[in-house]
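Before any comments, here is the structure.
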Amino acid sequence: MQRWRGYDAAPGGWGRSVVTIGVFDGVHRGHQATIGHTVARARELGVQSVVVTFDPHPAEVVRPGSHPAVLTEPARKAELIEALAVDVLCVVPFTPEFSRLSADAFVHDVLVESLHAARVVVGDNFRFGHRAAGDVALLERLGRTFGFAVEGAPLVSTDGTVFSSTYIRSCVDAGDVGA
């Protein structure tokens with residue numbers, strides 16, 4: 001797996017890709033399903049799979065001191081993602097400047113100009129851009145404009161429990177590590 005620090009690290013001549021985007025803290029079952037779907041789509045299309053994640057956690061920059069407890073340190077998160085057969089892990093430094101990037105600019109700069117996305121796979125609850133103004137519907141509209149497809153990955157659940165980093169943190173806080 002290639003590891004890039006920032007989307008501008010994409011090499012010249014980089015071809016099309018299938019991209020998924022998220023914090024992926026914990027790389028839990030829901031994340032694994034989304035990343036696995038991304039890898040499968042990339043293989044079907046004969047292109048590279050790219051996981052875009054952020055460091056530090058966006059909440060740490062947007063709301064300093066209020067960010068959630070980290071479930072997985074960056075090095076371990078990279079190992080877990082690599083085990084899912086991803087071609088590229090792109091860790092974007094989440095800075096105050098980056099946090100002010102509009103949803104349109106994020107799509108243009110990151111997905112179109114740098115990563116040459118052919119397809120983007122995101123969770124149904126995906127939000128992006130300044131003040132989380134972008135959602136899956138906006139991403140789909142921008143995809144039609146810029147020539148990439150968007151797939152919303154359904155949230156993974158068992159017995160009505162949705163697997164999310166928030167749920168896992170609550171289990172850990174309650175001492176229910178087995179769950």
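Following the order of the structure tokens, chains are lettered A, B, ..., residues in each are numbered from 1, and ligands are numbered from 1.
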Which residues come within 8 Å of Ala149 in chain A, counting only C-alpha atoms, excluding same-chain residues fewer than 3 positions away, as number ranges by chain?
A: 118-120, 140, 143-144
Can you tell me, as an MDAnalysis selection string, what residues are no more than 12 Å from Val121 in chain A when counting only C-alpha atoms, ignoring any on the same chain fewer than 6 positions away?
chainID A and resid 17:22 31 33:42 49:52 111 136 139:140 143 148:154
Measuring between only C-alpha atoms, which one of A:Asp87, A:Asp124, A:Glu79, A:Asp135 shows the shortest distance to Met1 in chain A?
A:Asp87
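If you look at CA of Glu82 in chain A and CA of Phe94 in chain A, they are 21.2 Å away from each other.
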Selection near Phe146 in chain A, 9 Å with only C-alpha atoms, sequence-local residues under 6 positions removed, as an mmCIF file with N, CA and C atoms, in the first residue's frame:
```cif
data_model
loop_
_atom_site.group_PDB
_atom_site.id
_atom_site.type_symbol
_atom_site.label_atom_id
_atom_site.label_comp_id
_atom_site.auth_asym_id
_atom_site.auth_seq_id
_atom_site.Cartn_x
_atom_site.Cartn_y
_atom_site.Cartn_z
ATOM 1 N N VAL A 107 -14.298 18.882 -3.650
ATOM 2 C CA VAL A 107 -14.510 17.940 -4.749
ATOM 3 C C VAL A 107 -13.557 18.248 -5.897
ATOM 4 N N HIS A 108 -13.481 19.518 -6.270
ATOM 5 C CA HIS A 108 -12.629 19.896 -7.405
ATOM 6 C C HIS A 108 -11.157 19.616 -7.115
ATOM 7 N N VAL A 112 -11.178 15.535 -8.015
ATOM 8 C CA VAL A 112 -11.040 15.668 -9.466
ATOM 9 C C VAL A 112 -9.595 15.925 -9.866
#
```
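Using only C-alpha atoms, the residues found no farther than 10 Å from His57 in chain A, other than those of its own chain fewer than 2 positions away, are Val23, Phe24, Asp25, Thr53, Phe54, Asp55, Ala59, Glu60, Val61, Val62, His67, Pro68, Ala69, Val70, Pro93, Phe94 and Thr95 of chain A.
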Take the residues just selected and output them with N, CA and C atoms as a short mmCIF file (atom, residue, chain, number, x, y, z; two decimals), in the first residue's frame.
```
data_model
loop_
_atom_site.label_atom_id
_atom_site.label_comp_id
_atom_site.auth_asym_id
_atom_site.auth_seq_id
_atom_site.Cartn_x
_atom_site.Cartn_y
_atom_site.Cartn_z
N VAL A 23 -12.99 9.67 8.41
CA VAL A 23 -12.02 9.66 9.51
C VAL A 23 -11.56 8.23 9.76
N PHE A 24 -12.47 7.27 9.65
CA PHE A 24 -12.18 5.85 9.81
C PHE A 24 -11.50 5.54 11.14
N ASP A 25 -11.91 6.23 12.19
CA ASP A 25 -11.35 5.97 13.51
C ASP A 25 -11.88 4.63 14.01
N THR A 53 -8.23 9.89 4.47
CA THR A 53 -8.57 10.11 5.86
C THR A 53 -7.85 11.37 6.33
N PHE A 54 -8.04 11.73 7.58
CA PHE A 54 -7.56 13.03 8.07
C PHE A 54 -6.78 12.88 9.37
N ASP A 55 -5.80 13.75 9.54
CA ASP A 55 -5.01 13.81 10.76
C ASP A 55 -4.65 15.27 11.01
N ALA A 59 -12.67 17.22 14.25
CA ALA A 59 -13.26 17.90 15.41
C ALA A 59 -12.20 18.59 16.26
N GLU A 60 -10.98 18.05 16.26
CA GLU A 60 -9.90 18.65 17.04
C GLU A 60 -9.56 20.04 16.53
N VAL A 61 -9.73 20.26 15.23
CA VAL A 61 -9.43 21.55 14.62
C VAL A 61 -10.65 22.47 14.67
N VAL A 62 -11.81 21.93 14.38
CA VAL A 62 -13.04 22.72 14.30
C VAL A 62 -13.54 23.12 15.68
N HIS A 67 -12.98 17.17 20.83
CA HIS A 67 -12.95 16.03 19.92
C HIS A 67 -13.11 14.73 20.70
N PRO A 68 -13.65 13.71 20.05
CA PRO A 68 -13.86 12.43 20.73
C PRO A 68 -12.54 11.72 21.00
N ALA A 69 -12.59 10.80 21.94
CA ALA A 69 -11.41 9.99 22.24
C ALA A 69 -11.01 9.21 20.99
N VAL A 70 -9.72 9.12 20.74
CA VAL A 70 -9.21 8.40 19.57
C VAL A 70 -9.29 6.91 19.83
N PRO A 93 -3.61 16.35 6.01
CA PRO A 93 -3.46 17.14 7.23
C PRO A 93 -4.68 18.06 7.38
N PHE A 94 -5.44 17.86 8.45
CA PHE A 94 -6.64 18.66 8.66
C PHE A 94 -6.23 19.91 9.43
N THR A 95 -6.09 20.98 8.71
CA THR A 95 -5.65 22.27 9.26
C THR A 95 -6.82 23.24 9.28
#
```
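Relative to CA of Val91 in chain A, CA of Arg3 in chain A is found at 7.6 Å.
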